[in-house]
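Trainee: For reference, this is model.cif, and it has mmCIF, C-alpha atoms and all ligand atoms.
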```cif
data_entry
#
loop_
_atom_site.label_atom_id
_atom_site.label_comp_id
_atom_site.auth_asym_id
_atom_site.auth_seq_id
_atom_site.Cartn_x
_atom_site.Cartn_y
_atom_site.Cartn_z
CA MET N 21 64.13 9.18 5.29
CA PRO N 22 65.73 5.72 4.87
CA VAL N 23 66.28 4.78 1.21
CA PRO N 24 66.71 1.07 0.36
CA LEU N 25 69.12 0.01 -2.38
CA PHE N 26 66.29 -1.71 -4.26
CA ASP N 27 62.60 -2.32 -3.81
CA PRO N 28 61.22 -5.30 -5.72
CA GLY N 29 58.09 -5.47 -3.53
CA THR N 30 56.32 -2.16 -4.15
CA PRO N 31 55.78 -2.56 -7.93
CA LEU N 32 54.24 -6.00 -7.36
CA ARG N 33 51.71 -4.86 -4.77
CA PRO N 34 49.04 -3.71 -7.27
CA LEU N 35 49.42 -7.04 -9.12
CA ARG N 36 48.80 -9.20 -6.06
CA GLY N 37 45.27 -10.22 -7.08
CA GLU N 38 46.39 -11.24 -10.58
CA ILE N 39 49.39 -13.12 -9.18
CA ASP N 40 47.18 -15.00 -6.69
CA ALA N 41 44.87 -15.96 -9.55
CA ALA N 42 47.81 -17.15 -11.67
CA ILE N 43 49.09 -19.31 -8.81
CA ALA N 44 45.61 -20.75 -8.25
CA ARG N 45 45.34 -21.53 -11.98
CA VAL N 46 48.53 -23.60 -11.82
CA LEU N 47 47.47 -25.43 -8.66
CA ASP N 48 44.12 -26.24 -10.27
CA SER N 49 45.81 -27.45 -13.47
CA GLU N 50 47.97 -29.90 -11.50
CA ARG N 51 50.71 -29.38 -14.10
CA PHE N 52 53.88 -28.12 -12.50
CA VAL N 53 56.79 -28.63 -14.90
CA LEU N 54 57.03 -27.72 -18.62
CA GLY N 55 53.33 -27.18 -19.25
CA PRO N 56 51.15 -24.53 -20.86
CA GLU N 57 52.32 -21.63 -18.65
CA VAL N 58 55.96 -22.15 -19.61
CA SER N 59 55.08 -22.42 -23.32
CA ALA N 60 52.94 -19.27 -23.16
CA PHE N 61 55.61 -17.36 -21.26
CA GLU N 62 58.26 -18.47 -23.77
CA ASP N 63 56.12 -17.10 -26.64
CA GLU N 64 55.31 -13.86 -24.84
CA PHE N 65 58.90 -13.25 -23.77
CA ALA N 66 60.20 -13.91 -27.31
CA ASP N 67 57.60 -11.45 -28.68
CA HIS N 68 58.59 -8.84 -26.12
CA LEU N 69 62.26 -9.14 -27.10
CA GLY N 70 61.66 -9.32 -30.82
CA VAL N 71 63.45 -12.66 -31.13
CA GLN N 72 62.28 -15.94 -32.63
CA HIS N 73 62.75 -18.37 -29.75
CA ALA N 74 62.76 -18.32 -25.94
CA VAL N 75 63.34 -21.42 -23.82
CA GLY N 76 62.71 -21.40 -20.07
CA VAL N 77 65.45 -22.88 -17.89
CA ALA N 78 66.15 -23.22 -14.17
CA ASN N 79 68.32 -20.14 -13.58
CA GLY N 80 70.56 -17.61 -15.27
CA THR N 81 73.79 -19.43 -14.48
CA GLU N 82 72.81 -22.75 -16.07
CA ALA N 83 71.37 -20.72 -18.94
CA ILE N 84 74.92 -19.56 -19.80
CA THR N 85 76.38 -23.07 -19.52
CA ILE N 86 73.65 -24.52 -21.73
CA ALA N 87 73.90 -21.69 -24.28
CA LEU N 88 77.67 -22.22 -24.57
CA ARG N 89 77.17 -25.96 -24.83
CA ALA N 90 74.61 -25.45 -27.61
CA LEU N 91 77.25 -23.39 -29.46
CA GLY N 92 79.56 -26.40 -29.28
CA VAL N 93 81.91 -25.15 -26.55
CA GLY N 94 83.74 -28.04 -24.90
CA PRO N 95 87.05 -29.23 -23.43
CA GLY N 96 90.08 -27.29 -24.65
CA ASP N 97 88.07 -24.31 -25.87
CA GLU N 98 88.47 -20.79 -24.54
CA VAL N 99 85.58 -18.45 -23.80
CA VAL N 100 86.24 -14.72 -23.40
CA VAL N 101 84.30 -13.15 -20.51
CA PRO N 102 84.62 -9.81 -18.69
CA SER N 103 86.32 -9.98 -15.31
CA PHE N 104 84.11 -7.17 -14.00
CA SER N 105 80.74 -8.93 -13.70
CA PHE N 106 78.81 -11.16 -11.35
CA TRP N 107 80.79 -14.32 -10.68
CA ALA N 108 78.26 -16.53 -12.47
CA SER N 109 79.16 -15.04 -15.89
CA ALA N 110 82.49 -16.89 -15.66
CA GLU N 111 81.43 -19.73 -13.36
CA ALA N 112 79.25 -21.09 -16.17
CA ILE N 113 82.31 -21.83 -18.36
CA PRO N 114 84.50 -24.44 -16.51
CA PRO N 115 81.70 -27.05 -16.18
CA LEU N 116 82.07 -27.47 -19.97
CA GLY N 117 85.77 -28.24 -19.65
CA ALA N 118 86.47 -24.86 -21.27
CA THR N 119 88.77 -22.11 -20.02
CA PRO N 120 87.52 -18.65 -19.04
CA VAL N 121 89.76 -15.94 -20.53
CA PHE N 122 89.18 -12.54 -18.99
CA CYS N 123 88.76 -9.35 -20.96
CA ASP N 124 88.57 -5.74 -19.86
CA VAL N 125 85.57 -3.39 -19.55
CA ASP N 126 85.23 0.33 -20.15
CA PRO N 127 84.86 1.79 -16.63
CA ALA N 128 82.61 4.53 -18.04
CA THR N 129 79.97 2.05 -19.27
CA PHE N 130 81.00 -1.06 -17.25
CA CYS N 131 80.61 -3.05 -20.50
CA VAL N 132 83.05 -4.88 -22.76
CA THR N 133 84.40 -3.12 -25.85
CA VAL N 134 85.41 -4.60 -29.21
CA ASP N 135 89.07 -3.71 -28.55
CA GLY N 136 88.97 -5.17 -25.05
CA VAL N 137 87.55 -8.48 -26.26
CA LYS N 138 89.89 -8.56 -29.28
CA ALA N 139 92.91 -8.36 -26.96
CA ALA N 140 91.80 -11.52 -25.15
CA VAL N 141 90.95 -13.60 -28.24
CA THR N 142 93.34 -16.40 -29.22
CA SER N 143 93.23 -19.19 -31.82
CA ARG N 144 91.42 -21.33 -29.22
CA THR N 145 88.60 -18.86 -28.57
CA LYS N 146 85.26 -20.52 -29.35
CA ALA N 147 82.78 -17.95 -28.01
CA ILE N 148 82.38 -14.69 -26.13
CA VAL N 149 80.17 -14.01 -23.12
CA ALA N 150 79.21 -10.32 -23.32
CA VAL N 151 77.46 -9.03 -20.20
CA HIS N 152 74.89 -6.22 -20.42
CA LEU N 153 76.10 -5.12 -17.00
CA PHE N 154 73.83 -3.07 -14.74
CA GLY N 155 71.36 -2.94 -17.67
CA ASN N 156 73.72 -1.09 -19.99
CA VAL N 157 73.91 -2.58 -23.50
CA ALA N 158 77.16 -4.23 -24.65
CA PRO N 159 78.17 -3.86 -28.35
CA VAL N 160 77.13 -7.40 -29.29
CA ARG N 161 76.52 -6.88 -33.04
CA GLN N 162 79.91 -5.22 -33.51
CA LEU N 163 81.62 -8.04 -31.61
CA GLU N 164 80.11 -10.71 -33.84
CA GLU N 165 80.76 -8.73 -37.02
CA GLU N 166 84.33 -7.69 -36.25
CA LEU N 167 85.56 -10.83 -34.50
CA GLY N 168 83.56 -13.50 -36.33
CA LEU N 169 82.85 -15.35 -33.09
CA PRO N 170 79.46 -16.20 -31.57
CA VAL N 171 78.37 -14.09 -28.60
CA VAL N 172 76.31 -15.26 -25.65
CA GLU N 173 74.59 -12.15 -24.31
CA ASP N 174 74.44 -12.43 -20.51
CA SER N 175 71.23 -10.39 -20.21
CA ALA N 176 70.55 -11.23 -16.55
CA GLN N 177 70.59 -7.54 -15.62
CA SER N 178 69.12 -6.04 -18.78
CA ALA N 179 65.45 -7.03 -19.03
CA GLY N 180 63.67 -3.85 -20.15
CA SER N 181 66.76 -2.28 -21.75
CA LEU N 182 66.85 -1.06 -25.35
CA GLY N 183 69.86 -1.01 -27.64
CA PRO N 184 70.21 0.86 -30.92
CA GLU N 185 69.74 -2.41 -32.85
CA GLY N 186 67.11 -4.00 -30.62
CA ARG N 187 66.73 -5.38 -27.15
CA PRO N 188 69.40 -7.31 -25.27
CA GLY N 189 68.47 -10.92 -25.88
CA SER N 190 67.94 -10.33 -29.60
CA LEU N 191 71.36 -8.98 -30.60
CA GLY N 192 73.72 -11.95 -30.71
CA SER N 193 73.73 -15.65 -31.61
CA ILE N 194 72.15 -16.61 -28.30
CA ALA N 195 71.29 -14.89 -25.01
CA THR N 196 70.56 -15.74 -21.41
CA PHE N 197 68.31 -14.25 -18.73
CA SER N 198 67.89 -14.70 -14.99
CA PHE N 199 64.56 -14.27 -13.24
CA TYR N 200 66.10 -14.27 -9.76
CA PRO N 201 63.71 -12.21 -7.59
CA SER N 202 65.85 -9.07 -7.46
CA LYS N 203 66.31 -8.78 -11.26
CA ASN N 204 64.29 -6.35 -13.40
CA LEU N 205 61.87 -9.19 -14.18
CA GLY N 206 61.88 -11.41 -11.10
CA ALA N 207 60.16 -14.68 -10.28
CA PHE N 208 59.29 -15.85 -6.76
CA GLY N 209 62.25 -18.22 -6.76
CA ASP N 210 64.86 -19.18 -9.34
CA GLY N 211 64.24 -19.09 -13.07
CA GLY N 212 65.94 -18.25 -16.33
CA ALA N 213 65.61 -18.27 -20.10
CA ILE N 214 67.68 -18.70 -23.22
CA THR N 215 66.72 -16.74 -26.35
CA THR N 216 67.93 -17.05 -29.93
CA GLY N 217 66.93 -16.30 -33.49
CA ASP N 218 68.42 -19.60 -34.64
CA GLY N 219 65.92 -22.47 -34.76
CA ALA N 220 68.58 -25.17 -34.66
CA LEU N 221 70.19 -23.64 -31.55
CA ALA N 222 66.78 -23.33 -29.87
CA GLU N 223 66.08 -26.99 -30.60
CA ARG N 224 69.43 -27.96 -29.11
CA VAL N 225 68.74 -25.90 -26.00
CA ARG N 226 65.30 -27.51 -25.56
CA GLN N 227 66.92 -30.91 -25.70
CA LEU N 228 69.76 -30.01 -23.33
CA ARG N 229 67.44 -28.55 -20.66
CA PHE N 230 65.59 -31.87 -20.51
CA HIS N 231 68.29 -34.51 -20.00
CA GLY N 232 69.35 -34.38 -23.64
CA SER N 233 66.05 -35.82 -24.82
CA ARG N 234 63.08 -34.64 -26.86
CA ASP N 235 60.82 -37.62 -26.21
CA LYS N 236 61.86 -39.21 -22.87
CA VAL N 237 62.65 -42.35 -24.85
CA SER N 238 65.85 -41.57 -26.67
CA TYR N 239 68.67 -39.64 -24.90
CA GLN N 240 70.88 -37.89 -27.47
CA ASP N 241 73.09 -35.92 -25.05
CA VAL N 242 74.22 -36.04 -21.46
CA GLY N 243 72.20 -32.94 -20.73
CA TYR N 244 70.79 -31.12 -17.73
CA ASN N 245 67.69 -31.06 -15.60
CA SER N 246 67.21 -27.31 -16.02
CA ARG N 247 63.60 -26.29 -16.34
CA LEU N 248 61.46 -23.29 -15.55
CA ASP N 249 58.44 -24.43 -13.55
CA GLU N 250 54.81 -23.60 -14.21
CA LEU N 251 54.32 -21.50 -11.07
CA GLN N 252 57.25 -19.23 -11.91
CA ALA N 253 56.17 -18.93 -15.55
CA ALA N 254 52.62 -18.01 -14.52
CA ILE N 255 53.95 -15.35 -12.12
CA LEU N 256 56.31 -13.96 -14.78
CA ARG N 257 53.41 -13.75 -17.29
CA VAL N 258 51.57 -11.40 -14.93
CA GLN N 259 54.63 -9.16 -14.66
CA LEU N 260 55.89 -9.11 -18.26
CA PRO N 261 53.30 -6.57 -19.54
CA HIS N 262 54.56 -4.13 -16.88
CA LEU N 263 58.26 -4.53 -17.57
CA ASP N 264 58.53 -1.60 -20.00
CA ALA N 265 56.77 0.81 -17.63
CA TRP N 266 59.05 -0.32 -14.81
CA ALA N 267 62.06 0.17 -17.07
CA ASP N 268 60.81 3.66 -18.00
CA HIS N 269 60.64 4.51 -14.32
CA ARG N 270 64.21 3.28 -13.82
CA ARG N 271 65.33 5.41 -16.77
CA ALA N 272 63.56 8.46 -15.31
CA ALA N 273 65.22 7.91 -11.93
CA ALA N 274 68.60 7.55 -13.63
CA SER N 275 68.07 10.86 -15.42
CA TRP N 276 67.25 12.55 -12.08
CA TYR N 277 70.55 11.21 -10.73
CA ASP N 278 72.42 12.24 -13.90
CA ASP N 279 71.05 15.78 -13.67
CA ALA N 280 71.98 16.15 -10.01
CA LEU N 281 75.33 14.33 -9.94
CA ALA N 282 77.00 14.82 -13.35
CA GLY N 283 79.13 17.94 -13.25
CA GLY N 284 79.08 20.50 -10.44
CA ARG N 285 79.76 19.74 -6.82
CA ALA N 286 79.49 15.95 -6.95
CA ALA N 287 81.82 15.73 -9.94
CA ALA N 288 84.30 18.01 -8.21
CA ALA N 289 84.29 15.54 -5.29
CA GLY N 290 85.18 12.73 -7.70
CA VAL N 291 81.73 11.28 -8.36
CA VAL N 292 81.41 9.85 -11.89
CA THR N 293 77.94 8.90 -13.17
CA PRO N 294 77.46 5.89 -15.49
CA THR N 295 77.51 6.41 -19.26
CA ALA N 296 75.04 4.59 -21.51
CA THR N 297 76.72 2.86 -24.44
CA ASP N 298 76.16 4.44 -27.90
CA GLY N 299 72.46 4.71 -28.65
CA ALA N 300 71.41 2.58 -25.66
CA ARG N 301 68.47 3.26 -23.34
CA PRO N 302 69.43 1.07 -20.37
CA ALA N 303 66.86 -0.12 -17.84
CA TRP N 304 69.53 0.41 -15.14
CA HIS N 305 69.11 -2.71 -13.04
CA LEU N 306 71.58 -0.92 -10.77
CA TYR N 307 72.59 2.74 -10.92
CA VAL N 308 76.32 2.59 -10.30
CA ILE N 309 78.49 5.65 -9.73
CA ARG N 310 82.25 5.76 -9.25
CA HIS N 311 84.05 7.48 -6.40
CA PRO N 312 87.73 7.45 -5.32
CA ASP N 313 86.81 6.05 -1.88
CA PRO N 314 83.48 4.26 -2.35
CA ASP N 315 83.59 2.25 0.88
CA ALA N 316 83.97 5.39 2.99
CA LEU N 317 81.13 7.04 1.05
CA GLN N 318 79.00 3.94 1.60
CA GLN N 319 79.54 4.13 5.36
CA ARG N 320 78.66 7.83 5.47
CA LEU N 321 75.49 7.20 3.44
CA GLN N 322 74.59 4.26 5.69
CA ALA N 323 74.73 6.56 8.72
CA ARG N 324 71.97 8.56 6.99
CA GLY N 325 69.91 5.40 6.34
CA ILE N 326 70.80 5.34 2.64
CA GLU N 327 71.85 1.94 1.33
CA SER N 328 74.59 1.53 -1.26
CA ARG N 329 76.87 -1.34 -2.20
CA GLY N 330 80.04 -2.26 -4.02
CA TYR N 331 79.04 -5.48 -5.78
CA TYR N 332 82.21 -6.64 -7.52
CA ARG N 333 85.01 -5.14 -5.44
CA ARG N 334 87.24 -8.10 -6.29
CA PRO N 335 87.25 -8.85 -10.05
CA ILE N 336 86.45 -12.40 -11.11
CA ASP N 337 90.00 -13.13 -12.28
CA ALA N 338 91.24 -12.45 -8.72
CA GLN N 339 88.78 -14.82 -7.04
CA PRO N 340 90.30 -17.82 -5.21
CA ALA N 341 88.42 -20.39 -7.30
CA ILE N 342 89.91 -18.95 -10.48
CA ALA N 343 93.47 -19.27 -9.19
CA SER N 344 92.83 -22.81 -7.96
CA GLY N 345 91.43 -23.72 -11.38
CA GLY N 346 94.71 -22.63 -12.91
CA TRP N 347 93.11 -19.70 -14.73
CA GLY N 348 93.75 -16.00 -14.31
CA ARG N 349 94.66 -12.77 -16.02
CA THR N 350 96.26 -13.20 -19.45
CA VAL N 351 95.99 -9.57 -20.64
CA PRO N 352 96.11 -6.28 -18.71
CA LEU N 353 92.71 -5.24 -17.34
CA PRO N 354 93.12 -1.58 -16.31
CA GLY N 355 89.44 -0.67 -16.82
CA THR N 356 88.40 -3.64 -14.69
CA ASP N 357 90.65 -2.54 -11.84
CA VAL N 358 89.25 1.02 -11.92
CA ALA N 359 85.65 -0.21 -12.05
CA ALA N 360 86.21 -2.74 -9.26
CA ALA N 361 87.96 -0.25 -6.95
CA GLU N 362 85.63 2.71 -7.50
CA HIS N 363 82.09 1.50 -8.22
CA LEU N 364 79.21 2.02 -5.82
CA ALA N 365 75.58 1.14 -6.53
CA ILE N 366 73.13 3.70 -5.13
CA PRO N 367 69.37 3.17 -4.72
CA ILE N 368 67.23 2.58 -7.80
CA SER N 369 64.06 0.59 -8.44
CA ALA N 370 60.84 0.68 -10.43
CA ALA N 371 59.24 2.35 -7.40
CA ILE N 372 61.87 4.85 -6.19
CA THR N 373 60.40 8.33 -5.71
CA ARG N 374 61.77 11.70 -6.77
CA ASP N 375 62.03 12.61 -3.08
CA GLN N 376 64.17 9.55 -2.39
CA VAL N 377 66.48 10.35 -5.31
CA ASP N 378 66.74 13.98 -4.14
CA GLU N 379 67.60 12.75 -0.64
CA VAL N 380 70.36 10.48 -1.95
CA CYS N 381 71.76 13.30 -4.13
CA ALA N 382 71.72 15.81 -1.26
CA ALA N 383 73.57 13.32 0.92
CA ILE N 384 76.16 12.65 -1.80
CA HIS N 385 76.67 16.38 -2.31
CA GLU N 386 77.30 16.74 1.40
CA LEU N 387 79.31 13.58 2.05
CA ALA N 388 81.23 12.71 -1.11
C1 LIG N 401 72.15 -12.83 -11.62
C2 LIG N 401 73.17 -12.97 -12.68
C3 LIG N 401 73.52 -14.22 -13.22
C4 LIG N 401 73.04 -15.52 -12.66
O1 LIG N 401 71.67 -15.69 -12.58
P1 LIG N 401 71.05 -16.75 -11.54
O2 LIG N 401 69.62 -16.84 -11.98
O3 LIG N 401 71.19 -16.17 -10.18
O4 LIG N 401 71.78 -18.02 -11.71
C5 LIG N 401 74.43 -14.25 -14.26
N1 LIG N 401 74.99 -13.14 -14.73
C6 LIG N 401 74.71 -11.92 -14.23
C7 LIG N 401 75.36 -10.71 -14.82
C8 LIG N 401 73.80 -11.80 -13.17
O5 LIG N 401 73.53 -10.58 -12.66
#
```
Would you mind writing the file out in structure tokens?
Mentor:
Amino acid sequence: MPVPLFDPGTPLRPLRGEIDAAIARVLDSERFVLGPEVSAFEDEFADHLGVQHAVGVANGTEAITIALRALGVGPGDEVVVPSFSFWASAEAIPPLGATPVFCDVDPATFCVTVDGVKAAVTSRTKAIVAVHLFGNVAPVRQLEEELGLPVVEDSAQSAGSLGPEGRPGSLGSIATFSFYPSKNLGAFGDGGAITTGDGALAERVRQLRFHGSRDKVSYQDVGYNSRLDELQAAILRVQLPHLDAWADHRRAAASWYDDALAGGRAAAAGVVTPTATDGARPAWHLYVIRHPDPDALQQRLQARGIESRGYYRRPIDAQPAIASGGWGRTVPLPGTDVAAAEHLAIPISAAITRDQVDEVCAAIHELA
């Protein structure tokens, strides 16, 4: 039985009628940018997260740039960001004239730690980008409390996750989401959001996403054209009420994997299952194991029709664009190197079946 790495299509199939109706509603309204669907989605998404404000933007990458800009990050400032993440977490920093400074992750959780961030902080550090990687929940509250610096939560992979102090997106000064189609909450194109409990920051973000203007008459900032459109917002509104059930399914699938792969034969072969951070109930956007030779394991699984992938084999600090920007590693990143060398994402989705998980586990037991 072939098992795909992810399956965004199956959970949407029962919603097709509602999605078609939402699309028709937007076409009939003839309002396509920053209209009632975006406002309603912003309110509903903020409610879901338990945060005061949500602002729709064009994608999850610009969301980070705009969030940092709203915090006052500019030329000469440093922003601490994990090197083990999707490239965009760091790519969002240099457009502000700021310098990305890379910190380590814990290879057990794939998230930043307070000590890891602290090691990378200097007198020029203006903000921290903490990534809730793979849906796990980074220790955002502790970072802000212990380091006294504002945190941008990169929550692109953590829609549906729960932390001990609330949901990702409600934990730090400001947070960003991506609604790229493959994320836990995916649009039918690009989309993103910025969330915050701070009214002044939200106001600044609203202005920045629309050319630095609130009224199309007076332009206060050189801003961005970074808007969520009505069609995407209407489609996201249909999906949002199902996000928690989808996340529950992901958590159930993760527990099936944990039960089969933690300890015993797989562990003896070097398989390490992911660890949730303290008190977190991750929505596991990706279920990522570690193995001493992940690329060989991937090839053996592929021969059985089971997809798997190493997403961030080369850490961000080792990417060519980072070297050519004159940036790079300023502190040792041993956890990053372990995570990068050993990680392998195996199939998970809101629709994966117990049989599929059992098939993947049997193959890993045999092939790892
Ligand atoms: C997807 C993703 C982004 C970027 O989101 P886009 O909407 O594709 O721009 C940023 N950070 C992380 C961790 C992501 O997974």
Trainee: Provide the CA of Leu364 (chain N) to CA of Ile336 (chain N) distance in Å, to one decimal place.
Mentor: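 Distance reported for this atom pair: 17.0 Å.
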Trainee: If you take all atoms listed in the file and a cut-off of 7 Å, which residues of chain N touch ligand LIG 401 (chain N), and what are their nearest atom pairs and distances in Å to one decimal, in chain and number order, as a Markdown table?
Mentor:
```
| residue | atom | partner | partner_atom | distance |
| --- | --- | --- | --- | --- |
| N:Asn79 | CA | N:LIG401 | O2 | 3.9 |
| N:Gly80 | CA | N:LIG401 | O1 | 3.5 |
| N:Thr81 | CA | N:LIG401 | O4 | 3.7 |
| N:Glu82 | CA | N:LIG401 | O4 | 6.5 |
| N:Ser105 | CA | N:LIG401 | C7 | 5.8 |
| N:Phe106 | CA | N:LIG401 | C7 | 4.9 |
| N:Ala108 | CA | N:LIG401 | C5 | 4.8 |
| N:Ser109 | CA | N:LIG401 | N1 | 4.7 |
| N:Val151 | CA | N:LIG401 | C7 | 6.0 |
| N:Leu153 | CA | N:LIG401 | C7 | 6.0 |
| N:Asp174 | CA | N:LIG401 | N1 | 5.8 |
| N:Ser175 | CA | N:LIG401 | C7 | 6.8 |
| N:Ala176 | CA | N:LIG401 | C8 | 4.7 |
| N:Gln177 | CA | N:LIG401 | O5 | 5.2 |
| N:Ser198 | CA | N:LIG401 | O2 | 4.1 |
| N:Phe199 | CA | N:LIG401 | O2 | 5.8 |
| N:Tyr200 | CA | N:LIG401 | O2 | 4.9 |
| N:Asp210 | CA | N:LIG401 | O2 | 5.9 |
| N:Gly211 | CA | N:LIG401 | O2 | 5.9 |
| N:Gly212 | CA | N:LIG401 | O2 | 5.9 |
```
Trainee: Just the residues within 8 Å of Ala359 (chain N), please, counting all atoms listed in the file, with nothing from its chain fewer than 3 positions along; format it as a list of chain:residue names.
Mentor: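 The filter keeps N:Phe104, N:Pro127, N:Phe130, N:Arg310, N:Gly355, N:Thr356, N:Glu362, N:His363.
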Trainee: From the set N:Ile148, N:Ala220, N:Leu35, N:Val134, which residue has the shortest atom-to-atom contact distance to Asp97 (chain N), counting only C-alpha atoms?
Mentor: N:Ile148
Trainee: So which residues touch Pro184 (chain N) within 9 Å, counting all atoms listed in the file, skipping near sequence neighbours fewer than 4 positions away, as a list in words?
Mentor: Val157, Asp298, Gly299, Ala300 and Arg301 of chain N
Trainee: Using all atoms listed in the file, which of N:Thr295, N:Arg247, N:Tyr277, N:Ile309 sits nearest His231 (chain N)?
Mentor: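 Among the listed residues, N:Arg247 lies closest to His231 (chain N).
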Trainee: How many Å separate CA of Val225 (chain N) from CA of Ala213 (chain N)?
Mentor: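 Calculated distance between CA of Val225 (chain N) and CA of Ala213 (chain N) is 10.1 Å.
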Trainee: Do you have the CA of Thr119 (chain N)-CA of Gly96 (chain N) distance handy?
Mentor: 7.1 Å
Trainee: Which one is closest to Thr129 (chain N): N:Val71, N:Ala365, N:Ala282, N:Ala158? Count only C-alpha atoms.
Mentor: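 Smallest distance to Thr129 (chain N) is found for N:Ala158.
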Trainee: Name the closest residue to Ala253 (chain N) among the candidates N:Gly92, N:Gly206, N:Gly284, N:Pro302; distances are taken between atoms, counting all atoms listed in the file.
Mentor: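 Counting all atoms listed in the file, the residue closest to Ala253 (chain N) is N:Gly206.
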Trainee: Identify which of the residues N:Ser238, N:Thr216, N:Gln376, N:Ser178 lies closest to Leu263 (chain N), counting only C-alpha atoms when measuring atom-to-atom distances.
Mentor: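 Looking only at the distances to Leu263 (chain N), the closest residue turns out to be N:Ser178.
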Trainee: Ranking N:Glu185, N:Ile214, N:Ile84, N:Leu205 by minimum distance to Ala150 (chain N) and counting only C-alpha atoms, which one comes first?
Mentor: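 For Ala150 (chain N), the nearest of the given residues is N:Ile84.
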